[in-house]
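One file, query00.cif, is given below (mmCIF, C-alpha atoms).
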```
data_query
loop_
_atom_site.label_atom_id
_atom_site.label_comp_id
_atom_site.auth_asym_id
_atom_site.auth_seq_id
_atom_site.Cartn_x
_atom_site.Cartn_y
_atom_site.Cartn_z
CA MET A 1 32.76 12.97 71.45
CA LYS A 2 33.36 14.80 68.19
CA LYS A 3 34.69 11.66 66.44
CA ILE A 4 31.59 9.58 67.25
CA TYR A 5 29.34 12.40 66.04
CA ILE A 6 31.31 12.55 62.79
CA TYR A 7 30.97 8.76 62.31
CA ILE A 8 27.22 8.86 62.90
CA PHE A 9 26.89 11.88 60.59
CA VAL A 10 28.86 10.11 57.81
CA SER A 11 26.69 7.01 58.19
CA ILE A 12 23.46 8.99 58.00
CA ILE A 13 24.65 10.99 54.98
CA LEU A 14 25.56 7.78 53.13
CA CYS A 15 22.18 6.33 54.09
CA GLY A 16 20.51 9.35 52.57
CA LEU A 17 22.52 9.07 49.36
CA ILE A 18 21.42 5.48 48.95
CA ARG A 19 17.78 5.91 49.88
CA GLY A 20 17.25 9.25 48.15
CA ASP A 21 13.68 10.47 48.61
CA GLU A 22 12.38 7.07 49.62
CA LEU A 23 12.29 7.98 53.32
CA GLY A 24 8.67 8.68 54.02
CA PHE A 25 6.67 9.29 57.15
CA GLU A 26 4.72 6.05 57.29
CA ASN A 27 4.13 4.20 60.54
CA PHE A 28 6.79 1.91 61.91
CA SER A 29 6.71 -1.55 60.34
CA ASN A 30 6.18 -4.80 62.23
CA GLU A 31 8.95 -6.42 60.22
CA PHE A 32 12.42 -6.75 61.61
CA GLU A 33 15.84 -7.30 60.12
CA ILE A 34 16.65 -11.00 60.23
CA ASP A 35 19.90 -11.81 62.01
CA GLU A 36 21.54 -15.21 61.46
CA THR A 37 22.58 -15.49 65.10
CA VAL A 38 19.10 -14.93 66.55
CA GLU A 39 16.13 -17.21 66.07
CA GLU A 40 13.08 -15.36 64.74
CA THR A 41 10.34 -14.89 67.31
CA LYS A 42 6.79 -15.95 66.52
CA TYR A 43 4.72 -12.86 65.85
CA ASN A 44 1.18 -12.26 67.00
CA PHE A 45 -0.55 -10.94 63.86
CA GLU A 46 -3.93 -10.70 65.58
CA ASN A 47 -2.63 -8.06 67.98
CA PRO A 48 0.55 -6.48 66.61
CA TYR A 49 0.88 -4.27 69.69
CA GLU A 50 1.07 -7.21 72.09
CA LYS A 51 4.48 -7.89 73.61
CA THR A 52 6.02 -11.25 72.71
CA TYR A 53 8.89 -13.09 74.37
CA ASN A 54 11.04 -16.08 73.51
CA PHE A 55 13.39 -17.87 75.89
CA SER A 56 15.93 -20.46 74.74
CA GLY A 57 19.29 -21.82 75.72
CA GLU A 58 21.64 -24.75 75.98
CA LEU A 59 23.42 -26.70 78.69
CA VAL A 60 26.83 -28.15 77.79
CA LEU A 61 29.08 -30.54 79.71
CA GLU A 62 32.58 -31.20 78.37
CA ASN A 63 35.62 -33.15 79.53
CA ASP A 64 38.95 -32.96 77.63
CA TYR A 65 42.36 -34.60 77.99
CA TYR A 66 45.43 -32.70 76.74
CA SER A 67 48.58 -34.66 75.89
CA TYR A 68 51.95 -32.86 75.96
CA SER A 69 54.14 -35.93 75.53
CA GLY A 70 57.69 -35.03 74.52
CA THR A 71 57.42 -31.39 75.65
CA SER A 72 58.20 -29.51 78.87
CA TYR A 73 54.49 -29.30 79.73
CA LYS A 74 52.49 -31.80 81.77
CA ASP A 75 49.37 -33.58 80.54
CA LYS A 76 46.16 -32.16 81.94
CA VAL A 77 42.40 -32.74 82.15
CA PHE A 78 40.04 -29.86 81.55
CA SER A 79 36.37 -30.09 82.56
CA GLN A 80 33.69 -27.49 82.18
CA ILE A 81 29.96 -27.01 82.41
CA TYR A 82 28.31 -23.97 80.92
CA SER A 83 24.96 -22.67 79.81
CA ASN A 84 24.00 -20.04 77.27
CA LEU A 85 20.70 -18.40 78.22
CA ASN A 86 18.92 -16.36 75.55
CA LEU A 87 15.97 -14.01 75.95
CA GLU A 88 14.31 -12.19 73.06
CA GLY A 89 11.44 -9.75 73.37
CA ARG A 90 9.49 -7.65 70.89
CA PHE A 91 7.70 -4.51 72.02
CA LYS A 92 4.84 -3.15 69.96
CA LYS A 93 5.76 -3.01 66.29
CA ASN A 94 9.07 -1.24 66.03
CA SER A 95 11.56 -2.60 68.54
CA LYS A 96 13.21 -5.76 69.81
CA ILE A 97 15.65 -6.64 72.56
CA TYR A 98 17.94 -9.65 72.75
CA THR A 99 20.13 -10.85 75.60
CA SER A 100 22.45 -13.87 75.72
CA ILE A 101 24.28 -14.69 78.95
CA LYS A 102 26.89 -17.40 79.50
CA VAL A 103 27.30 -19.06 82.90
CA GLN A 104 30.38 -21.29 83.20
CA ASP A 105 32.27 -23.32 85.79
CA THR A 106 35.54 -25.23 85.22
CA ASN A 107 38.03 -27.34 87.15
CA ASP A 108 40.74 -24.72 86.53
CA ASN A 109 41.42 -23.27 89.98
CA SER A 110 43.27 -20.32 88.46
CA LYS A 111 40.03 -19.03 86.97
CA ASP A 112 36.96 -17.73 88.76
CA ASP A 113 33.50 -18.97 87.89
CA LEU A 114 32.39 -17.00 84.87
CA VAL A 115 29.17 -15.13 84.27
CA GLY A 116 29.48 -13.14 81.07
CA VAL A 117 27.37 -11.42 78.45
CA ASN A 118 27.55 -12.88 74.94
CA GLU A 119 25.14 -10.41 73.37
CA MET A 120 22.80 -7.69 74.60
CA PHE A 121 21.31 -5.34 72.06
CA PHE A 122 18.29 -3.26 71.13
CA ASP A 123 16.75 -3.23 67.61
CA PHE A 124 14.53 -0.57 66.12
CA ASN A 125 13.79 0.76 62.64
CA LEU A 126 12.97 4.10 61.11
CA TYR A 127 9.92 4.09 58.82
CA ASP A 128 10.78 0.56 57.69
CA LYS A 129 13.68 2.13 55.77
CA VAL A 130 16.64 2.20 58.15
CA TYR A 131 17.40 -0.48 60.73
CA PHE A 132 19.44 0.15 63.87
CA ARG A 133 21.02 -2.25 66.34
CA PHE A 134 22.77 -0.85 69.40
CA GLY A 135 24.55 -2.91 72.04
CA LYS A 136 26.84 -5.91 72.36
CA GLN A 137 26.41 -7.96 69.17
CA VAL A 138 27.96 -10.57 66.87
CA LEU A 139 28.35 -9.33 63.30
CA ALA A 140 28.31 -11.25 60.03
CA TRP A 141 31.01 -9.20 58.30
CA GLY A 142 32.53 -10.75 55.19
CA THR A 143 31.73 -13.87 53.18
CA GLY A 144 34.60 -16.11 54.30
CA TYR A 145 33.77 -19.39 56.00
CA PHE A 146 36.87 -19.82 58.18
CA PHE A 147 39.23 -17.11 56.94
CA SER A 148 37.78 -13.62 56.86
CA PRO A 149 40.47 -10.94 56.35
CA SER A 150 37.85 -8.18 56.24
CA ASP A 151 36.35 -9.17 59.60
CA LEU A 152 38.38 -6.96 61.91
CA ILE A 153 35.31 -6.11 64.00
CA ASN A 154 34.42 -9.30 65.88
CA VAL A 155 36.42 -9.96 69.03
CA GLU A 156 36.04 -13.75 68.92
CA LYS A 157 37.70 -15.80 66.20
CA LYS A 158 36.78 -19.25 64.88
CA THR A 159 38.72 -22.45 65.50
CA ILE A 160 38.44 -25.75 63.64
CA GLU A 161 36.92 -27.27 66.79
CA ASP A 162 34.33 -24.52 67.22
CA MET A 163 33.10 -22.58 64.18
CA GLU A 164 30.46 -20.61 66.07
CA LYS A 165 31.05 -17.11 67.39
CA SER A 166 28.95 -16.26 70.44
CA LYS A 167 30.76 -13.31 72.04
CA GLY A 168 29.81 -9.94 70.62
CA ASN A 169 31.26 -6.46 70.88
CA LEU A 170 29.68 -3.15 71.82
CA GLY A 171 28.66 -0.83 69.03
CA LEU A 172 26.00 0.64 66.76
CA LYS A 173 25.03 -1.00 63.45
CA ILE A 174 22.99 0.77 60.77
CA HIS A 175 21.48 -1.19 57.88
CA VAL A 176 19.78 0.45 54.91
CA PRO A 177 18.27 -2.00 52.39
CA LYS A 178 17.19 -0.91 48.94
CA GLY A 179 14.97 -3.51 47.33
CA THR A 180 16.45 -6.99 47.25
CA ASP A 181 19.69 -6.22 45.44
CA LYS A 182 21.39 -3.44 47.43
CA ASN A 183 22.35 -2.97 51.08
CA PHE A 184 24.35 -0.41 52.97
CA TYR A 185 25.89 -1.22 56.37
CA SER A 186 27.82 0.89 58.81
CA TYR A 187 29.15 -0.09 62.21
CA ILE A 188 30.64 2.07 64.96
CA LYS A 189 32.59 -0.08 67.42
CA VAL A 190 33.18 1.22 70.97
CA GLU A 191 34.15 -2.09 72.64
CA ASP A 192 37.19 -1.60 74.92
CA LYS A 193 37.65 1.95 73.66
CA GLU A 194 38.71 4.26 76.46
CA LYS A 195 39.29 7.26 74.19
CA ILE A 196 36.95 8.72 71.61
CA SER A 197 39.82 8.75 69.11
CA ASP A 198 40.10 4.94 69.43
CA VAL A 199 36.57 4.27 68.12
CA ASP A 200 36.41 2.08 64.96
CA LEU A 201 34.25 2.68 61.90
CA ALA A 202 33.28 0.07 59.30
CA LEU A 203 31.33 0.79 56.10
CA LYS A 204 30.09 -1.69 53.50
CA TYR A 205 27.98 -1.47 50.37
CA GLU A 206 26.50 -4.70 48.95
CA PHE A 207 25.06 -5.06 45.46
CA LEU A 208 23.88 -7.86 43.20
CA ILE A 209 24.97 -8.38 39.58
CA ASN A 210 23.25 -11.29 37.88
CA LYS A 211 23.46 -14.05 40.51
CA THR A 212 26.62 -12.83 42.21
CA GLU A 213 26.65 -10.66 45.32
CA TYR A 214 29.53 -8.21 45.72
CA SER A 215 30.51 -5.72 48.38
CA LEU A 216 32.93 -2.82 48.77
CA GLY A 217 34.03 -1.81 52.23
CA PHE A 218 36.17 0.54 54.27
CA LEU A 219 37.44 0.17 57.84
CA ASN A 220 39.04 2.82 60.01
CA LEU A 221 40.65 1.34 63.13
CA GLY A 222 40.97 4.32 65.43
CA GLU A 223 43.32 2.91 68.06
CA GLU A 224 45.78 1.69 65.42
CA ASN A 225 45.21 4.67 63.12
CA LYS A 226 44.83 2.17 60.27
CA GLN A 227 42.63 2.34 57.15
CA ILE A 228 41.70 -0.81 55.24
CA PHE A 229 39.79 -1.23 51.98
CA SER A 230 37.91 -4.48 51.40
CA SER A 231 35.87 -6.33 48.82
CA ASP A 232 34.10 -9.67 48.83
CA PHE A 233 31.79 -11.80 46.71
CA SER A 234 29.54 -14.86 46.94
CA SER A 235 28.06 -16.77 44.02
CA SER A 236 27.21 -20.23 42.71
CA PHE A 237 28.93 -22.27 40.04
CA LYS A 238 27.83 -25.70 38.79
CA GLY A 239 26.16 -26.73 42.03
CA ALA A 240 28.80 -25.21 44.32
CA MET A 241 28.73 -22.02 46.34
CA THR A 242 31.82 -19.84 45.86
CA PHE A 243 33.02 -16.97 48.03
CA GLY A 244 36.04 -14.78 48.63
CA GLU A 245 37.44 -11.69 50.30
CA LEU A 246 40.23 -9.21 49.58
CA THR A 247 41.70 -6.47 51.78
CA ILE A 248 44.30 -3.81 51.03
CA GLU A 249 46.14 -1.72 53.60
CA ASN A 250 49.26 0.44 53.90
CA GLY A 251 52.33 -1.52 54.99
CA GLU A 252 53.50 1.35 57.17
CA LYS A 253 50.64 0.51 59.55
CA VAL A 254 51.40 -3.25 59.65
CA PRO A 255 53.68 -4.35 62.55
CA TYR A 256 56.47 -6.62 61.30
CA TYR A 257 59.62 -8.11 62.83
CA LYS A 258 62.89 -7.92 60.90
CA ASN A 259 66.01 -9.47 62.42
CA GLY A 260 64.36 -9.45 65.83
CA VAL A 261 63.43 -5.76 65.66
CA LEU A 262 59.82 -4.65 65.44
CA GLY A 263 59.16 -2.38 62.48
CA ASN A 264 56.63 -2.32 59.64
CA LEU A 265 56.20 -3.35 56.01
CA GLU A 266 57.03 0.13 54.73
CA ASN A 267 55.01 2.24 52.32
CA LYS A 268 53.56 -0.43 50.03
CA PRO A 269 50.16 -2.11 49.65
CA VAL A 270 49.64 -5.24 51.73
CA PHE A 271 47.07 -7.72 50.41
CA LYS A 272 45.13 -10.45 52.20
CA LEU A 273 43.00 -12.82 50.14
CA SER A 274 40.69 -15.75 50.84
CA LEU A 275 38.91 -17.92 48.26
CA GLY A 276 36.64 -20.89 48.91
CA TYR A 277 33.79 -23.08 47.80
CA SER A 278 31.09 -25.25 49.34
CA ARG A 279 29.43 -28.28 47.76
CA VAL A 280 26.81 -30.73 49.06
CA PHE A 281 26.73 -34.23 47.56
CA ASP A 282 23.21 -35.53 48.21
CA ASP A 283 22.83 -37.92 45.27
CA ILE A 284 24.68 -40.78 46.96
CA SER A 285 21.45 -42.24 48.35
CA THR A 286 17.69 -42.01 47.99
CA ASN A 287 17.74 -40.58 51.50
CA LYS A 288 18.49 -36.87 50.99
CA ASP A 289 19.42 -36.52 54.66
CA LYS A 290 22.37 -38.80 53.93
CA ASN A 291 24.87 -36.47 52.32
CA ILE A 292 28.43 -35.19 52.33
CA GLN A 293 29.29 -31.51 52.52
CA LEU A 294 32.74 -30.34 51.41
CA ILE A 295 34.08 -26.87 52.15
CA GLN A 296 37.59 -25.72 51.22
CA GLU A 297 39.13 -22.30 51.61
CA ILE A 298 42.61 -21.00 50.80
CA TYR A 299 44.12 -17.93 52.44
CA TYR A 300 47.03 -15.69 51.51
CA ASN A 301 48.35 -13.44 54.28
CA GLY A 302 50.43 -10.64 52.77
CA ALA A 303 51.48 -9.59 56.27
CA GLY A 304 52.69 -13.10 57.11
CA TYR A 305 56.23 -14.42 57.44
CA SER A 306 58.11 -16.77 55.14
CA LYS A 307 60.29 -19.58 56.54
CA SER A 308 63.41 -17.42 56.42
CA GLU A 309 61.72 -14.29 57.76
CA LYS A 310 60.27 -15.96 60.87
CA ASN A 311 63.72 -16.84 62.26
CA GLY A 312 64.15 -13.37 63.74
CA ILE A 313 60.85 -13.42 65.63
CA PRO A 314 60.58 -14.22 69.38
CA ILE A 315 59.06 -17.68 69.88
CA ASN A 316 56.22 -16.30 72.01
CA ILE A 317 55.23 -13.88 69.23
CA TYR A 318 55.00 -16.10 66.16
CA ASN A 319 52.04 -18.48 65.69
CA PRO A 320 52.42 -21.00 62.81
CA TYR A 321 48.65 -21.28 62.34
CA SER A 322 47.98 -17.59 61.72
CA GLN A 323 51.17 -15.65 60.93
CA GLY A 324 52.52 -17.56 57.94
CA LYS A 325 51.76 -16.68 54.32
CA TRP A 326 49.66 -19.54 52.91
CA TYR A 327 46.90 -21.63 54.51
CA LEU A 328 44.27 -24.16 53.46
CA ALA A 329 41.22 -25.12 55.52
CA THR A 330 39.13 -28.20 54.69
CA PHE A 331 35.82 -29.17 56.29
CA ILE A 332 34.04 -32.42 55.48
CA THR A 333 30.68 -33.28 57.08
CA PHE A 334 29.08 -36.72 56.77
CA SER A 335 25.38 -36.47 57.67
CA GLU A 336 23.67 -39.76 58.59
CA PHE A 337 26.44 -41.51 56.66
CA PHE A 338 27.38 -43.79 59.54
CA GLY A 339 23.91 -44.31 60.98
CA LYS A 340 20.67 -42.43 61.39
CA GLU A 341 20.84 -39.30 63.57
CA THR A 342 24.66 -39.26 63.33
CA THR A 343 27.09 -36.66 62.05
CA MET A 344 30.83 -37.07 61.53
CA ILE A 345 32.99 -34.02 60.86
CA PHE A 346 36.60 -34.00 59.68
CA ASN A 347 38.39 -30.64 59.67
CA VAL A 348 41.96 -29.81 58.67
CA LEU A 349 43.85 -26.52 58.92
CA SER A 350 47.21 -26.50 57.12
CA GLY A 351 49.90 -23.83 57.23
CA PHE A 352 52.28 -24.32 54.33
CA THR A 353 54.98 -21.93 55.57
CA ASP A 354 55.73 -24.22 58.52
CA ASN A 355 54.26 -27.52 57.34
CA ALA A 356 52.00 -27.20 60.40
CA HIS A 357 48.61 -28.93 60.51
CA GLN A 358 45.63 -29.12 62.85
CA LEU A 359 43.33 -32.13 62.41
CA ASN A 360 39.98 -32.52 64.13
CA LEU A 361 37.58 -35.48 63.98
CA THR A 362 34.18 -35.15 65.65
CA TYR A 363 31.36 -37.68 65.94
CA ASN A 364 27.91 -36.63 67.15
CA TYR A 365 24.77 -38.63 67.88
CA ASP A 366 21.38 -36.95 68.28
CA PHE A 367 19.36 -38.84 70.88
CA THR A 368 16.53 -36.35 70.35
CA SER A 369 16.12 -33.07 68.51
CA ARG A 370 17.42 -31.38 71.67
CA LEU A 371 19.96 -33.81 73.16
CA THR A 372 23.31 -34.47 71.44
CA LEU A 373 26.31 -36.48 72.64
CA GLY A 374 29.63 -36.19 70.84
CA THR A 375 33.28 -37.11 71.06
CA PHE A 376 36.26 -35.58 69.32
CA ILE A 377 40.01 -35.88 68.84
CA THR A 378 42.31 -33.08 67.74
CA GLY A 379 45.91 -33.47 66.68
CA TYR A 380 48.62 -30.86 66.08
CA ILE A 381 51.41 -31.74 63.69
CA SER A 382 54.17 -29.19 63.11
CA SER A 383 57.11 -30.90 61.45
CA GLY A 384 60.27 -28.97 62.27
CA SER A 385 58.32 -26.07 63.77
CA LYS A 386 59.20 -25.49 67.42
CA GLU A 387 56.61 -22.69 67.54
CA GLY A 388 53.88 -25.30 67.08
CA ASP A 389 55.05 -27.10 70.20
CA PHE A 390 55.11 -23.83 72.11
CA TYR A 391 51.47 -23.04 71.41
CA TYR A 392 49.76 -26.42 71.14
CA PRO A 393 49.72 -29.90 72.72
CA ASN A 394 50.29 -33.08 70.73
CA GLY A 395 46.62 -33.90 70.88
CA VAL A 396 43.31 -33.44 72.65
CA VAL A 397 40.59 -36.04 73.24
CA GLY A 398 37.21 -34.99 74.56
CA ILE A 399 33.58 -35.87 75.13
CA LYS A 400 30.77 -33.35 75.01
CA GLY A 401 27.06 -33.43 75.75
CA LYS A 402 24.61 -30.68 74.84
CA TYR A 403 20.95 -30.16 75.67
CA GLU A 404 19.01 -27.38 73.97
CA PHE A 405 15.88 -25.88 75.45
#
```
Would you write the structure of this file as structure tokens?
Amino acid sequence: MKKIYIYIFVSIILCGLIRGDELGFENFSNEFEIDETVEETKYNFENPYEKTYNFSGELVLENDYYSYSGTSYKDKVFSQIYSNLNLEGRFKKNSKIYTSIKVQDTNDNSKDDLVGVNEMFFDFNLYDKVYFRFGKQVLAWGTGYFFSPSDLINVEKKTIEDMEKSKGNLGLKIHVPKGTDKNFYSYIKVEDKEKISDVDLALKYEFLINKTEYSLGFLNLGEENKQIFSSDFSSSFKGAMTFGELTIENGEKVPYYKNGVLGNLENKPVFKLSLGYSRVFDDISTNKDKNIQLIQEIYYNGAGYSKSEKNGIPINIYNPYSQGKWYLATFITFSEFFGKETTMIFNVLSGFTDNAHQLNLTYNYDFTSRLTLGTFITGYISSGSKEGDFYYPNGVVGIKGKYEF
């Protein structure tokens, strides 16, 4: 228990350094920290002590066909139906609970019907100065859109088919804002930690200079005994949003295969870097809802393998879409470009080490503000890369319907 106490003590001390003497003894505020993953609940200003609840969710039906032509695997059809059920409640003026549960059934006989918890946490604040969130939660850690080298906290990673993260991890987050230009965050992660010594600690300090937001961070991964320093930024430039992340760690703590033997990258700094931009083109029509959004992000993985270095790695270890050195992700969204209430999305993930590419084309039609029907096709092209064939089919075609309530 000593390690957790030390982490909490460090977080509180840093909070005090940032807030100084601003911590007063006023009543708890009725304002809550806004989280991007949770819709804000309507607040009853006439009676701030009245409990308020909000229930929402979605029902999704999906059917996919996987083609493995030319490989040792057989084609297959995957069908699933699932629902995410969300409940949010505010109690008096100083606390909030949120629960998100996923219920799923598939045609895969090897898997049991799934009932799982996406998120379940409790919010409260101290004198409207320090905000706490304890429980299973999804964190927004880092500024990257697809690549986020500093996000070593979340257990669920993005794919080009699904950019949303819904599965959280168990821990305690502390947020200390100072005005509108400074924020301090700390997070103690206990998800899947059987020993106290395995607990992770993440610290981040955000600050604003002119119109650019920067952050400096530190992560201690207890189970791996690894320390990582991070920095990120987000800004705007000539109508485009720009963002990036950088991490530095000791190569002695980075697992690395050499000539088929697992070792490390020795005592040298290992860098990971992502840089990207986002731009919306809405001047192509008098209808502002008809627009094109372009997002591109490049990623350098200092712990990745070059073409020559990957030859000594077991085929079931190396993944061409994450363990190479250089990657580029491109996301293009056409809103109402091919008809009213329609959205077409074209995403590409390219790994230059292996000349491996994932391409995804999605078309959605909104029948109502709650009901959406879509179809998609995903292709995997890995010229001369047998590892790509090991991990991925030639292509996937699917249809998906979603109803929000």
Test item: the PyMOL selection byres ((chain A and resi 322) around 12) resolved as JSON, numbers by chain:
{"A": [146, 147, 148, 149, 157, 158, 159, 299, 300, 301, 302, 303, 304, 305, 317, 318, 319, 320, 321, 323, 324, 325, 326, 327, 328, 329, 349, 350, 351, 352, 353, 354, 356, 357, 358, 387, 388, 391]}
Which residues, written as a ChimeraX atom specification, have at least one atom at most 9 Å from Val115 in chain A, with only C-alpha atoms counted and residues fewer than 5 positions away on the same chain left out?
/A:101-105
Can you list what the PyMOL selection byres ((chain A and resi 191) around 7) grabs from this structure, as an MDAnalysis selection string?
chainID A and resid 169:171 189:190 192:193
For the selection just defined, write its residues with C-alpha atoms to a file, as a PDB file, keeping the file's coordinate frame.
```pdb
ATOM      1  CA  ASN A 169      31.260  -6.460  70.880  1.00  0.00           C
ATOM      2  CA  LEU A 170      29.680  -3.150  71.820  1.00  0.00           C
ATOM      3  CA  GLY A 171      28.660  -0.830  69.030  1.00  0.00           C
ATOM      4  CA  LYS A 189      32.590  -0.080  67.420  1.00  0.00           C
ATOM      5  CA  VAL A 190      33.180   1.220  70.970  1.00  0.00           C
ATOM      6  CA  ASP A 192      37.190  -1.600  74.920  1.00  0.00           C
ATOM      7  CA  LYS A 193      37.650   1.950  73.660  1.00  0.00           C
TER       8      LYS A 193
END
```
Using the chain letters and residue numbers of this document, give as a ChimeraX atom specification the residues selected by the PyMOL selection byres ((chain A and resi 188) around 9).
/A:4,7-8,170-174,186-187,189-190,199-203
Which polymer residues have any atom within 12 Å of an atom of Asn84 in chain A, counting all atoms listed in the file, with same-chain residues fewer than 6 positions away left out, as a PDB file with C-alpha atoms, in the coordinates of the input?
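Saved the output as out_0.pdb:
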```
ATOM      1  CA  PHE A  55      13.390 -17.870  75.890  1.00  0.00           C
ATOM      2  CA  SER A  56      15.930 -20.460  74.740  1.00  0.00           C
ATOM      3  CA  GLY A  57      19.290 -21.820  75.720  1.00  0.00           C
ATOM      4  CA  GLU A  58      21.640 -24.750  75.980  1.00  0.00           C
ATOM      5  CA  LEU A  59      23.420 -26.700  78.690  1.00  0.00           C
ATOM      6  CA  VAL A  60      26.830 -28.150  77.790  1.00  0.00           C
ATOM      7  CA  LEU A  61      29.080 -30.540  79.710  1.00  0.00           C
ATOM      8  CA  THR A  99      20.130 -10.850  75.600  1.00  0.00           C
ATOM      9  CA  SER A 100      22.450 -13.870  75.720  1.00  0.00           C
ATOM     10  CA  ILE A 101      24.280 -14.690  78.950  1.00  0.00           C
ATOM     11  CA  LYS A 102      26.890 -17.400  79.500  1.00  0.00           C
ATOM     12  CA  VAL A 103      27.300 -19.060  82.900  1.00  0.00           C
ATOM     13  CA  GLN A 104      30.380 -21.290  83.200  1.00  0.00           C
ATOM     14  CA  LEU A 114      32.390 -17.000  84.870  1.00  0.00           C
ATOM     15  CA  VAL A 115      29.170 -15.130  84.270  1.00  0.00           C
ATOM     16  CA  GLY A 116      29.480 -13.140  81.070  1.00  0.00           C
ATOM     17  CA  VAL A 117      27.370 -11.420  78.450  1.00  0.00           C
ATOM     18  CA  ASN A 118      27.550 -12.880  74.940  1.00  0.00           C
ATOM     19  CA  GLU A 119      25.140 -10.410  73.370  1.00  0.00           C
ATOM     20  CA  SER A 166      28.950 -16.260  70.440  1.00  0.00           C
ATOM     21  CA  LYS A 167      30.760 -13.310  72.040  1.00  0.00           C
ATOM     22  CA  LYS A 402      24.610 -30.680  74.840  1.00  0.00           C
ATOM     23  CA  TYR A 403      20.950 -30.160  75.670  1.00  0.00           C
ATOM     24  CA  GLU A 404      19.010 -27.380  73.970  1.00  0.00           C
ATOM     25  CA  PHE A 405      15.880 -25.880  75.450  1.00  0.00           C
TER      26      PHE A 405
END
```
Which of A:Gly401, A:Phe346, A:Thr333, A:Lys268 sits closest to Gln80 in chain A [using all atoms listed in the file]
A:Gly401
Counting only C-alpha atoms, find the residues whose atoms lie at most 9 Å from (29.6, -26.1, 43.7) (file coordinates) and write them out as a tab-separated table (two decimals) with C-alpha atoms, in the coordinates of the input.
```tsv
chain	number	residue	atom	x	y	z
A	236	SER	CA	27.21	-20.23	42.71
A	237	PHE	CA	28.93	-22.27	40.04
A	238	LYS	CA	27.83	-25.70	38.79
A	239	GLY	CA	26.16	-26.73	42.03
A	240	ALA	CA	28.80	-25.21	44.32
A	241	MET	CA	28.73	-22.02	46.34
A	242	THR	CA	31.82	-19.84	45.86
A	277	TYR	CA	33.79	-23.08	47.80
A	278	SER	CA	31.09	-25.25	49.34
A	279	ARG	CA	29.43	-28.28	47.76
A	280	VAL	CA	26.81	-30.73	49.06
```
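Put simply, CA of Leu246 in chain A is 14.3 Å away from CA of Glu213 in chain A.
In this comparison, which uses all atoms listed in the file, the residue of A:Thr372, A:Ser110, A:Asn210, A:Asn267 approaching Gly251 in chain A most closely is A:Asn267.
Reported to one decimal place, the separation of CA of Val138 in chain A from CA of Lys92 in chain A is 24.5 Å.
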